[in-house]
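The structure appears right after this line, and notes come after that.
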Amino acid sequence: MGGMKTATISPPLSDPLQHQPAAGDSSPVILAVRNLTKTYASGLQALKGINLEIRRGEIFALLGPNGAGKTTLISIICGIVTASEGSVSADGHDVATDYRRARMKIGLVPQELATNSFETVYDSVAFSRGVYGRAPNRVFLEQVLRDLSLWERRDARIMTLSGGMKRRVMIAKALSHEPQILFLDEPSAGVDVELRRDMWTLVRRLRASGVTIILTTHYIQEAEEMADRIGVISNGELILVDGKAQLMKKLGRRQLTLQLREPLTSIPAALDPWRLELRDQGRVIDYRFDTSDAGAGVPTLLQRLAELGIAYVDLNTQQSSLEEIFVRLVHAPGAQADAGAAADTAPGAAAGAHR
Ligand SMILES: Nc1ncnc2c1ncn2[C@@H]1O[C@H](COP(=O)(O)OP(=O)(O)OP(=O)(O)O)[C@@H](O)[C@H]1O
Ligand SMILES: [Mg+2]
């Protein structure tokens with residue numbers, strides 16, 4: 001906690017225009033990131049003009065490959081790293097000029113665990129709360145510790161806990177001052193199934209109480225399951241932000257597979273409009289289409305097959321997962337516009353040290 005940043009308290013700002021509801025949604029914007037860039041001292045441009053608005057009460061997942069800039073973005077929002085250009089406001093408070101008030105609103109569970117303290121679980125979490133100037137509240141802290149299955153271990157010294165238990169302590173500390181916005185940077189990395197389940201139960205409960213949750217993850221399934229909206233960051237650029245359902249609908253592909261009774265030597269010309277693919281020595285037909293095409297003539301295709309006397313013994317459809325969509329996006333030509341910057345990033349070069 002020696003690293004806890006101190007800041008002078010700036011005079012109260014008259015309410016900036018941050019509380020206006022975002023277009024098309026009734027919830028107010030709780031976090032606004034504007035034209036944010038970060039160039040590290042090494043010259044590496046980790047963020048290139050990020051613009052993002054998060055609404056109160058949403059679960060937002062930030063997806064991106066290693067080195068994309070996720071931790072840098074979160075670190076700037078939490079005031080750990082300074083931006084090169086642009087601004088961030090948390091519930092109306094600028095994270096640079098009104099640091100203290102902005103930071104009060106935010107809880108951060110960092111990617112790297114830094115807990116090897118002699119302190120007990122309870123004292124450490126209570127101390128965190130005090131750092132933010134919150135009055136002690138045993139009832140609240142007990143609830144947080146119980147939610148994280150830490151209550152029984154409240155008198156244990158943190159250094160004696162397992163890695164997973166330490167991570168729970170980090171979550172409890174991040175929640176200790178009752179933040180309105182919770183950041184979870186790679187919360188599932190190295191976490192067992194039980195902790196992951198507890199964590200997501202807690203996240204859903206927090207959201208229900210009005211807390212906004214922003215998480216980064218490599219586990220696309222997790223984003224698919226948890227998030228309301230998804231942002232994809234690649235090479236320091238936010239290449240896409242969309243509702244999960246819209247994203248899957250817009251970019252998802254479906255595939256219809258037919259197992260034929262008799263093999264075909266080629267696709268009859270009458271079926272050209274569907275651009276079918278024949279495989280497995282003519283025994284299987286694949287038909288790929290965009291989810292947005294709403295059916296894309298599947299009934300007509302099946303009817304035409306019947307007319308041509310092409311019988312099938314089995315039929316199934318598959319929908320592309322968010323994972324496939326993500327891989328396609330990040331590896332699409334143009335997504336990695338600045339390939340030079342990627343080249344000098346060592347594989348797995350990670351967040352760890354900041355500033
Ligand atoms: N303190 C630093 N000094 C110089 N470069 C840095 C520093 N911290 C991060 N970087 C670089 O900035 C880029 C973005 O790193 P960042 O940690 O934000 O990525 P990330 O998306 O969180 O990656 P990961 O998925 O591995 O956690 C990387 O190229 C990284 O090497
Ligand atoms: Mg990271």
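Each chain in the structure tokens gets a letter, A, B, ..., in the order shown, and its residues are numbered from 1; ligands are numbered from 1 in order too.
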
Can you list every residue of chain A that has an atom at most 12 Å from ligand 2, with its nearest atom pair and the distance in Å to one decimal, using only C-alpha atoms and all ligand atoms, ordered by chain then number, as a Markdown table?
```
| residue | atom | partner | partner_atom_place_in_ligand_line | distance |
| --- | --- | --- | --- | --- |
| A:Ala46 | CA | ligand 2 | 1 (Mg) | 11.5 |
| A:Leu62 | CA | ligand 2 | 1 (Mg) | 10.4 |
| A:Leu63 | CA | ligand 2 | 1 (Mg) | 10.2 |
| A:Gly64 | CA | ligand 2 | 1 (Mg) | 9.2 |
| A:Pro65 | CA | ligand 2 | 1 (Mg) | 9.1 |
| A:Asn66 | CA | ligand 2 | 1 (Mg) | 6.9 |
| A:Gly67 | CA | ligand 2 | 1 (Mg) | 6.9 |
| A:Ala68 | CA | ligand 2 | 1 (Mg) | 8.0 |
| A:Gly69 | CA | ligand 2 | 1 (Mg) | 6.9 |
| A:Lys70 | CA | ligand 2 | 1 (Mg) | 5.3 |
| A:Thr71 | CA | ligand 2 | 1 (Mg) | 4.0 |
| A:Thr72 | CA | ligand 2 | 1 (Mg) | 7.2 |
| A:Leu73 | CA | ligand 2 | 1 (Mg) | 9.1 |
| A:Ile74 | CA | ligand 2 | 1 (Mg) | 8.7 |
| A:Ser75 | CA | ligand 2 | 1 (Mg) | 9.5 |
| A:Val109 | CA | ligand 2 | 1 (Mg) | 11.7 |
| A:Pro110 | CA | ligand 2 | 1 (Mg) | 8.8 |
| A:Gln111 | CA | ligand 2 | 1 (Mg) | 6.3 |
| A:Glu112 | CA | ligand 2 | 1 (Mg) | 8.7 |
| A:Phe183 | CA | ligand 2 | 1 (Mg) | 12.0 |
| A:Leu184 | CA | ligand 2 | 1 (Mg) | 10.4 |
| A:Asp185 | CA | ligand 2 | 1 (Mg) | 6.6 |
| A:Glu186 | CA | ligand 2 | 1 (Mg) | 7.0 |
| A:Pro187 | CA | ligand 2 | 1 (Mg) | 10.5 |
| A:Ala189 | CA | ligand 2 | 1 (Mg) | 10.6 |
| A:Leu215 | CA | ligand 2 | 1 (Mg) | 10.6 |
| A:Thr216 | CA | ligand 2 | 1 (Mg) | 7.6 |
| A:Thr217 | CA | ligand 2 | 1 (Mg) | 8.6 |
| A:His218 | CA | ligand 2 | 1 (Mg) | 9.6 |
| A:Ile233 | CA | ligand 2 | 1 (Mg) | 11.5 |
| A:Gly348 | CA | ligand 2 | 1 (Mg) | 9.8 |
| A:Ala349 | CA | ligand 2 | 1 (Mg) | 9.4 |
| A:Ala350 | CA | ligand 2 | 1 (Mg) | 6.2 |
| A:Ala351 | CA | ligand 2 | 1 (Mg) | 5.0 |
| A:Gly352 | CA | ligand 2 | 1 (Mg) | 8.1 |
| A:Ala353 | CA | ligand 2 | 1 (Mg) | 10.7 |
| A:His354 | CA | ligand 2 | 1 (Mg) | 10.8 |
```

Self-check item: range 149-156 of chain A environment, 6 Å, only C-alpha atoms, sequence neighbours closer than 5 positions dropped, as a VMD selection string
Solution: chain A and resid 120 to 122

Export of prior selection with C-alpha atoms as a CSV table (one decimal), in the first residue's frame:
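Generated file (part.csv):
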```
chain,number,residue,atom,x,y,z
A,120,THR,CA,-4.5,-10.5,8.4
A,121,VAL,CA,-7.2,-10.7,5.7
A,122,TYR,CA,-9.6,-8.6,7.7
```

Contact residues around Val169 in chain A with only C-alpha atoms at 10 Å, ignoring same-chain residues under 4 positions, as a PDB file with C-alpha atoms, in the first residue's frame:
```
ATOM      1  CA  VAL A 109      -8.445  -5.970  -9.118  1.00  0.00           C
ATOM      2  CA  LEU A 113      -1.122  -9.948  -7.556  1.00  0.00           C
ATOM      3  CA  THR A 115      -0.016  -9.390  -1.760  1.00  0.00           C
ATOM      4  CA  VAL A 121      -7.157 -10.693   5.725  1.00  0.00           C
ATOM      5  CA  TYR A 122      -9.576  -8.596   7.743  1.00  0.00           C
ATOM      6  CA  SER A 124      -5.838  -5.589   5.110  1.00  0.00           C
ATOM      7  CA  VAL A 125      -9.326  -5.159   3.699  1.00  0.00           C
ATOM      8  CA  VAL A 144     -17.825  -8.821   1.322  1.00  0.00           C
ATOM      9  CA  LEU A 145     -15.644 -11.433   3.030  1.00  0.00           C
ATOM     10  CA  LEU A 148     -15.814 -14.323  -1.263  1.00  0.00           C
ATOM     11  CA  SER A 149     -15.697 -17.269   1.152  1.00  0.00           C
ATOM     12  CA  LEU A 150     -12.995 -15.459   3.097  1.00  0.00           C
ATOM     13  CA  ARG A 154     -10.325 -13.432   8.186  1.00  0.00           C
ATOM     14  CA  ILE A 158      -2.231 -13.070   3.808  1.00  0.00           C
ATOM     15  CA  LEU A 161      -2.894 -18.100   1.856  1.00  0.00           C
ATOM     16  CA  GLY A 163      -2.788 -17.987  -4.710  1.00  0.00           C
ATOM     17  CA  GLY A 164      -6.519 -18.319  -5.262  1.00  0.00           C
ATOM     18  CA  MET A 165      -7.254 -17.122  -1.744  1.00  0.00           C
ATOM     19  CA  LYS A 173      -9.805  -4.987  -1.107  1.00  0.00           C
ATOM     20  CA  ALA A 174     -11.043  -3.603  -4.422  1.00  0.00           C
ATOM     21  CA  LEU A 175     -14.605  -3.681  -3.090  1.00  0.00           C
TER      22      LEU A 175
END
```

Quiz item: Running DSSP on the backbone, which parts of range 90-231 of chain A land in strand (DSSP E or B), as an MDAnalysis selection string?
Solution: chainID A and resid 90 93:94 106:109 120 157 181:185 212:217 229:231
